[in-house]
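Comments concern the structure below.
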Amino acid sequence: MPTLIPQEPNFVTSSERDVWENLRDNLGPDDVIFANVRLTDETKDHEADLIVVLHGVGIVVVEVKGGLVWFDDGWKIKRKGQAHEIDPVTQVREAKYALRTYVSKRSSQPTAVWAHAVVTPYSTFPDDFDLPDLPRWSLHDKGDMENLADRLVENASRVERGFEVPGDAQIESLIQVLSGKPTEPTVHDIAGLVEDTAVRLTKDQATILQVTRLLPRMEIRGGAGSGKTALALAQARQLTRGRQGRPAERVALLCYSLGLASYLKREVATWPYKDRPAFVGTFHDFGVQWGAPAEGARDDHDFWEKNLPTQMSELADGLDENHKYDSIIVDEAQDFADLWWQPVIKALRDQDHGGLYLYSDENQRIFARFGKPPVQLVPLMLDHNVRNTRQIHEVFGPLAPSRMYAMGDDGPGVTFVDVPAEKALEVADDQVELLMDEGWEPGDIMLLTTGSRHPEQISRQELKGQEEYWESFWDGDDAFYGHVLGAKGLERRAVVLCVNDSQTHERAKERLYVGMSRATVRLVVVGDADYIREVGGTEVAKRLGIS
C-alpha cells in the first residue's frame, strides 16, 4: 500500500473517494497519495483533488470529475438535470504549476517531473479523443479505471524530461513541504494561556465582593491558588475609592512577608492615585510609621512576638483620628501572632464596627504562630483554584485545607526527581538548567528550598540586603533563589522545589504545600521519595509518581 496523506481523507464526493481507493489498492509501497490539497498563492486559491507521487517516475496532479461529463465546444457537467460549464483542464494545470512553484521554493531538492491528469470515473470518452491541453493519455475515463495506476505511470512518463524523477530524498522533502512543518506550543504560549485564564477567573471571582459589600468583618479562607491576594487588592481598591454609594475610606493593606509586601506595593503603584490605599506593607512597617523600631534581628523571637506588637499597641493608643483607618485588610492572615491583632484593631477609627477583612489559608501556616483576632468574623470559603495548571493542582490538592476544584488550563506534567536530601541542592541546580533548555527564560524560574537556604540566596541577601533582594524578584533577568518561608503570595511560571530537609518537623507538610503551589505552569520537585511520602502522604506521593 502507498503512503496516504492523510490516512483517512474526508471527501466531498463519492467519485473522489472511488478514485482514491482505486489508487490506494493498486499503487506500490514507495508511492504516495495526497488528498484534498489546498494552496493559496499571490494569484488565487488552488485545490488539487489528488497528488500522486510515483517513485522513480513523476508526480501527477489529478482532477476528479464525477457525474456525467462531456466535451462540446467546452467541458460540460450535468448537475440536477442541468448542463453547467466547467474547465477541469485549466483548473488542474494551474494547480500543478502553483504546487510545483511552491515546492521548489521550499525544498533543497531538484525540481521533479510534474504532470496533470483528469479522471472521469463515471463518464466514457472515445479512444481517439484528444485536446491540445489534454491528450487522451492524460484523460482517464470509466473504462480506464481498471488500469488507472498503470495509466498514471504512463501519464507521468510522457512528460518532457529535463526534471528529476522523484526518489526517496525528494519524496521525503515533498511530504514535509506539503504536510507542513510540525509545530508545538512554546512554553511561553502555554504560560500565556494559563495566565490569561487566571486573570479571567480572578475577575469572575471578584464578584464576590459585590455580594458581601455590606459585611464589615470577614475572613476569606481559601487554598493556594484560589485568588485570595487578588481579591485583597481588589477590595482595598474598591474601599479606597468608594463604591455603590459608600464613601471613600482610609484603608490599610497588611501582610507579614517582605516578598508579598513588595508585590502588593508594586501592584498598587500602577493604580490611579485616588485608588491607592493609605498604607500598603508589612505589619512591621505598619508600626514603623508610628515610631516603632525600624530594625529587628530575624531570629529574635521575643522582639517579633512580644516586644514589637506591645510597643505598636501603645503607639496605636496615641494615634489621632486622621492617622487611623476605616478598614484594614490583612493578606496571609494566618501568619499573624495573637499580640499582633491588638495594634491592628486599635488602628481602626471604629474598633467595634470598623472594616476588618482577613484572607487566610490554614495550611500555609508555616510559622509556629496561632494568632486569632479577638472579634467575630463572617467566614467565607473560596474553593476554586484559578492560578495553577490542573496538573500542578492535582499534585498539591490533597494538602489543601479543604476540597478545591481545579479551574485552570492544562499544562506540562509535574516532574519528580528522587535524590537524597544531601544531594537535593546539586540536582535542583541541574533542573534549573534543564528548564532553560525547555525554553523557559531565567526570569520565569524560581528555585525554592524547604530546608537550608540555597548558597545563591544567602549570597544575594548578604550583598543586596533584604529589601533589594526582594525587589530583584521582579527584575526578570535571572532565576530567583528563595525559601518557602518567604515565598507565600509569590509565584513564578516554573518552580524547582528543592526538598532538602533531612528530618521531618512540625510544619514540614505546610512547607511542601506552599512550595509546590508557587508554580503556575511548570513544577519540578527534587527530594527523597520516602521523605515526601512521609510528609505529604500517600496520595501526594502517588500523584508525583512515587510507587
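Identifiers in this document derive from the order of the C-alpha cells: chains are assigned A, B, ..., residues are numbered from 1 separately in each chain, and ligands are numbered from 1 in order of occurrence.
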* Could you give me, as an MDAnalysis selection string, each residue of stretch 302-542 of chain A that DSSP assigns to strand (DSSP E) when run on this structure's backbone? => chainID A and resid 327:331 355:360 378:382 384:385 405:406 415:418 445:449 480:483 492:498 519:527
Just to be explicit: take each residue in the selection above, keep N, CA and C atoms, and write the result as a compact mmCIF listing (two decimals), in the first residue's frame.
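Resulting contents of result_12.txt:
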```txt
# COMPACT_ATOMS: atom_id res chain seq x y z
N SER A 327 -10.91 50.89 57.35
CA SER A 327 -10.86 49.45 57.13
C SER A 327 -9.41 48.99 57.04
N ILE A 328 -9.17 47.78 57.52
CA ILE A 328 -7.85 47.16 57.42
C ILE A 328 -8.02 45.79 56.80
N ILE A 329 -7.20 45.52 55.79
CA ILE A 329 -7.22 44.24 55.08
C ILE A 329 -5.90 43.54 55.35
N VAL A 330 -5.97 42.27 55.74
CA VAL A 330 -4.76 41.50 56.06
C VAL A 330 -4.70 40.28 55.14
N ASP A 331 -3.66 40.23 54.31
CA ASP A 331 -3.44 39.07 53.46
C ASP A 331 -2.49 38.10 54.15
N GLY A 355 -14.08 48.23 59.41
CA GLY A 355 -13.85 47.12 58.49
C GLY A 355 -12.59 46.33 58.82
N LEU A 356 -12.72 45.02 58.91
CA LEU A 356 -11.58 44.13 59.13
C LEU A 356 -11.78 42.92 58.24
N TYR A 357 -10.87 42.75 57.29
CA TYR A 357 -11.02 41.70 56.29
C TYR A 357 -9.74 40.87 56.26
N LEU A 358 -9.89 39.59 56.56
CA LEU A 358 -8.74 38.69 56.63
C LEU A 358 -8.79 37.71 55.47
N TYR A 359 -7.66 37.47 54.85
CA TYR A 359 -7.51 36.45 53.81
C TYR A 359 -6.50 35.43 54.32
N SER A 360 -6.93 34.17 54.43
CA SER A 360 -6.08 33.20 55.11
C SER A 360 -6.18 31.81 54.50
N VAL A 378 -17.24 36.96 59.80
CA VAL A 378 -18.07 36.08 58.97
C VAL A 378 -17.15 35.28 58.06
N PRO A 379 -17.18 33.95 58.15
CA PRO A 379 -16.28 33.14 57.30
C PRO A 379 -16.83 33.00 55.88
N LEU A 380 -15.92 32.99 54.93
CA LEU A 380 -16.28 32.81 53.53
C LEU A 380 -15.22 31.91 52.90
N MET A 381 -15.65 30.91 52.15
CA MET A 381 -14.72 29.92 51.62
C MET A 381 -14.57 30.05 50.11
N LEU A 382 -13.33 30.08 49.64
CA LEU A 382 -13.02 30.02 48.21
C LEU A 382 -12.57 28.61 47.90
N HIS A 384 -12.13 27.26 44.58
CA HIS A 384 -11.67 27.05 43.21
C HIS A 384 -10.22 27.50 43.07
N ASN A 385 -9.43 26.66 42.44
CA ASN A 385 -8.05 27.04 42.12
C ASN A 385 -8.07 27.72 40.75
N TYR A 405 -11.41 22.82 43.62
CA TYR A 405 -11.69 22.41 42.25
C TYR A 405 -10.75 23.15 41.30
N ALA A 406 -10.07 22.38 40.46
CA ALA A 406 -9.12 22.97 39.51
C ALA A 406 -9.88 23.63 38.37
N THR A 415 7.26 17.06 37.26
CA THR A 415 8.43 16.18 37.27
C THR A 415 8.90 15.96 38.70
N PHE A 416 9.18 14.71 39.04
CA PHE A 416 9.76 14.39 40.34
C PHE A 416 11.10 13.72 40.14
N VAL A 417 12.11 14.20 40.87
CA VAL A 417 13.46 13.62 40.81
C VAL A 417 13.81 13.11 42.20
N ASP A 418 14.00 11.83 42.30
CA ASP A 418 14.25 11.16 43.59
C ASP A 418 15.74 11.19 43.92
N ILE A 445 11.81 31.45 36.22
CA ILE A 445 12.16 30.32 37.08
C ILE A 445 12.43 30.76 38.51
N MET A 446 11.97 29.97 39.46
CA MET A 446 12.27 30.18 40.88
C MET A 446 12.68 28.84 41.49
N LEU A 447 13.78 28.85 42.22
CA LEU A 447 14.21 27.66 42.97
C LEU A 447 13.94 27.94 44.45
N LEU A 448 13.13 27.08 45.05
CA LEU A 448 12.79 27.22 46.47
C LEU A 448 13.30 26.02 47.25
N THR A 449 13.84 26.30 48.43
CA THR A 449 14.26 25.22 49.32
C THR A 449 13.29 25.12 50.48
N PHE A 480 15.25 33.16 40.36
CA PHE A 480 15.19 33.65 41.74
C PHE A 480 15.41 32.47 42.68
N TYR A 481 16.23 32.69 43.72
CA TYR A 481 16.52 31.66 44.72
C TYR A 481 15.95 32.10 46.05
N GLY A 482 15.06 31.29 46.59
CA GLY A 482 14.42 31.66 47.84
C GLY A 482 14.09 30.45 48.68
N HIS A 483 13.35 30.71 49.75
CA HIS A 483 12.92 29.68 50.70
C HIS A 483 11.42 29.73 50.80
N ARG A 492 5.92 32.00 40.31
CA ARG A 492 6.59 32.10 39.02
C ARG A 492 6.09 30.99 38.12
N ARG A 493 6.30 31.18 36.83
CA ARG A 493 5.81 30.20 35.88
C ARG A 493 6.41 28.81 36.12
N ALA A 494 7.68 28.75 36.38
CA ALA A 494 8.37 27.47 36.56
C ALA A 494 9.09 27.47 37.90
N VAL A 495 8.87 26.44 38.69
CA VAL A 495 9.47 26.35 40.02
C VAL A 495 10.15 25.00 40.19
N VAL A 496 11.38 25.08 40.70
CA VAL A 496 12.07 23.87 41.16
C VAL A 496 11.98 23.88 42.68
N LEU A 497 11.25 22.93 43.24
CA LEU A 497 11.12 22.82 44.69
C LEU A 497 12.17 21.84 45.18
N CYS A 498 13.14 22.35 45.91
CA CYS A 498 14.23 21.54 46.43
C CYS A 498 13.88 21.13 47.87
N ALA A 519 4.30 27.34 41.74
CA ALA A 519 4.48 27.20 40.29
C ALA A 519 3.12 27.33 39.61
N THR A 520 3.03 28.18 38.61
CA THR A 520 1.76 28.31 37.89
C THR A 520 1.66 27.35 36.72
N VAL A 521 2.79 27.03 36.06
CA VAL A 521 2.73 26.23 34.84
C VAL A 521 3.62 24.98 34.90
N ARG A 522 4.83 25.11 35.41
CA ARG A 522 5.79 24.00 35.36
C ARG A 522 6.38 23.79 36.75
N LEU A 523 6.27 22.57 37.25
CA LEU A 523 6.76 22.25 38.59
C LEU A 523 7.70 21.05 38.52
N VAL A 524 8.86 21.23 39.15
CA VAL A 524 9.82 20.14 39.32
C VAL A 524 10.09 19.98 40.81
N VAL A 525 9.89 18.80 41.33
CA VAL A 525 10.12 18.52 42.75
C VAL A 525 11.35 17.62 42.87
N VAL A 526 12.32 18.06 43.65
CA VAL A 526 13.56 17.32 43.85
C VAL A 526 13.66 16.96 45.33
N GLY A 527 13.79 15.68 45.64
CA GLY A 527 13.91 15.29 47.03
C GLY A 527 13.83 13.79 47.21
```
Selection near A:His188, 12 Å with only C-alpha atoms, sequence-local residues under 2 positions removed, as a PDB file with C-alpha atoms, in the first residue's frame:
```pdb
ATOM      1  CA  GLU A 184       4.033  22.697  19.019  1.00  0.00           C
ATOM      2  CA  PRO A 185       3.109  25.421  21.502  1.00  0.00           C
ATOM      3  CA  THR A 186       6.120  27.030  23.153  1.00  0.00           C
ATOM      4  CA  ILE A 190       1.259  27.649  27.346  1.00  0.00           C
ATOM      5  CA  ALA A 191       2.138  30.037  30.160  1.00  0.00           C
ATOM      6  CA  GLY A 192       0.338  32.899  28.450  1.00  0.00           C
ATOM      7  CA  LEU A 193      -2.829  30.845  28.118  1.00  0.00           C
ATOM      8  CA  VAL A 194      -2.670  29.765  31.760  1.00  0.00           C
ATOM      9  CA  GLU A 195      -2.186  33.369  32.878  1.00  0.00           C
ATOM     10  CA  ASP A 196      -4.968  34.735  30.658  1.00  0.00           C
ATOM     11  CA  GLY A 411      -0.067  22.273  31.218  1.00  0.00           C
ATOM     12  CA  PRO A 412       3.002  20.054  31.247  1.00  0.00           C
ATOM     13  CA  MET A 436      16.072  26.752  30.412  1.00  0.00           C
ATOM     14  CA  GLU A 438      12.967  23.580  27.610  1.00  0.00           C
ATOM     15  CA  GLY A 439      12.646  27.228  26.614  1.00  0.00           C
ATOM     16  CA  TRP A 440      11.913  28.928  29.927  1.00  0.00           C
ATOM     17  CA  GLU A 441      13.589  32.274  30.444  1.00  0.00           C
ATOM     18  CA  GLY A 443      13.095  35.272  34.841  1.00  0.00           C
ATOM     19  CA  ASP A 444      10.374  32.592  34.617  1.00  0.00           C
ATOM     20  CA  ARG A 493       5.812  30.196  35.881  1.00  0.00           C
ATOM     21  CA  ALA A 494       8.370  27.471  36.561  1.00  0.00           C
ATOM     22  CA  VAL A 521       2.735  26.229  34.840  1.00  0.00           C
ATOM     23  CA  ARG A 522       5.794  24.002  35.360  1.00  0.00           C
TER      24      ARG A 522
END
```
* To do: Please report, as JSON, numbers by chain, each residue of stretch 267-410 of chain A to which DSSP assigns alpha helix (DSSP H) when run on this structure's backbone.
  => {"A": [267, 268, 283, 284, 285, 286, 287, 288, 301, 302, 308, 309, 310, 311, 312, 313, 314, 315, 316, 317, 341, 342, 343, 344, 345, 346, 390, 391, 392, 393, 394, 395, 396]}
* **d(atom CA of A:Val514, atom CA of A:Pro343) in Å** =>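 Going from atom CA of A:Val514 over to atom CA of A:Pro343 covers 28.0 Å.
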* To do: Name the residues in contact with stretch 310-317 of chain A at a cut-off of 12 Å, using only C-alpha atoms, excluding same-chain residues fewer than 5 positions from it; report them as a PyMOL selection string.
  => chain A and resi 283-294+302-305+323-325+337-349+351
Please write the residues from the selection above to a file, keeping C-alpha atoms, as a PDB file, in the first residue's frame.
```pdb
ATOM      1  CA  PHE A 283       2.941  44.512  59.872  1.00  0.00           C
ATOM      2  CA  HIS A 284       6.371  45.721  60.980  1.00  0.00           C
ATOM      3  CA  ASP A 285       6.253  48.724  58.617  1.00  0.00           C
ATOM      4  CA  PHE A 286       2.750  49.460  59.869  1.00  0.00           C
ATOM      5  CA  GLY A 287       4.279  50.136  63.282  1.00  0.00           C
ATOM      6  CA  VAL A 288       7.409  51.864  61.994  1.00  0.00           C
ATOM      7  CA  GLN A 289       5.253  54.683  60.608  1.00  0.00           C
ATOM      8  CA  TRP A 290       4.115  55.354  64.180  1.00  0.00           C
ATOM      9  CA  GLY A 291       7.632  55.242  65.627  1.00  0.00           C
ATOM     10  CA  ALA A 292       8.198  51.526  66.305  1.00  0.00           C
ATOM     11  CA  PRO A 293      11.813  50.244  65.987  1.00  0.00           C
ATOM     12  CA  ALA A 294      12.840  50.015  62.330  1.00  0.00           C
ATOM     13  CA  ASP A 302      10.764  37.932  71.678  1.00  0.00           C
ATOM     14  CA  PHE A 303      11.111  41.069  69.548  1.00  0.00           C
ATOM     15  CA  TRP A 304       8.636  39.900  66.899  1.00  0.00           C
ATOM     16  CA  GLU A 305       6.197  38.009  69.077  1.00  0.00           C
ATOM     17  CA  HIS A 323      -3.914  58.593  61.247  1.00  0.00           C
ATOM     18  CA  LYS A 324      -6.388  55.778  61.889  1.00  0.00           C
ATOM     19  CA  TYR A 325      -8.187  53.670  59.290  1.00  0.00           C
ATOM     20  CA  ALA A 337       0.537  36.200  66.054  1.00  0.00           C
ATOM     21  CA  ASP A 338      -2.019  36.790  68.836  1.00  0.00           C
ATOM     22  CA  LEU A 339      -0.464  40.028  70.079  1.00  0.00           C
ATOM     23  CA  TRP A 340      -0.292  41.470  66.571  1.00  0.00           C
ATOM     24  CA  TRP A 341      -4.046  41.899  66.391  1.00  0.00           C
ATOM     25  CA  GLN A 342      -4.138  44.421  69.257  1.00  0.00           C
ATOM     26  CA  PRO A 343      -2.406  47.270  67.377  1.00  0.00           C
ATOM     27  CA  VAL A 344      -4.283  46.355  64.190  1.00  0.00           C
ATOM     28  CA  ILE A 345      -7.694  46.771  65.817  1.00  0.00           C
ATOM     29  CA  LYS A 346      -6.602  49.869  67.764  1.00  0.00           C
ATOM     30  CA  ALA A 347      -5.640  51.455  64.441  1.00  0.00           C
ATOM     31  CA  LEU A 348      -9.299  51.372  63.368  1.00  0.00           C
ATOM     32  CA  ARG A 349     -11.349  54.539  63.762  1.00  0.00           C
ATOM     33  CA  GLN A 351     -12.778  49.441  66.886  1.00  0.00           C
TER      34      GLN A 351
END
```
* **Pick from A:Asp352, A:Glu491, A:Gly476, A:Met404, whichever lies nearest to A:Pro374 using only C-alpha atoms** =>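 Using only C-alpha atoms, the shortest distance to A:Pro374 belongs to A:Asp352.
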* Please provide as an MDAnalysis selection string all residues within 8 Å of A:Leu209, with the sequence filter that same-chain residues fewer than 4 positions apart are discarded (counting only C-alpha atoms). => chainID A and resid 213 231 235
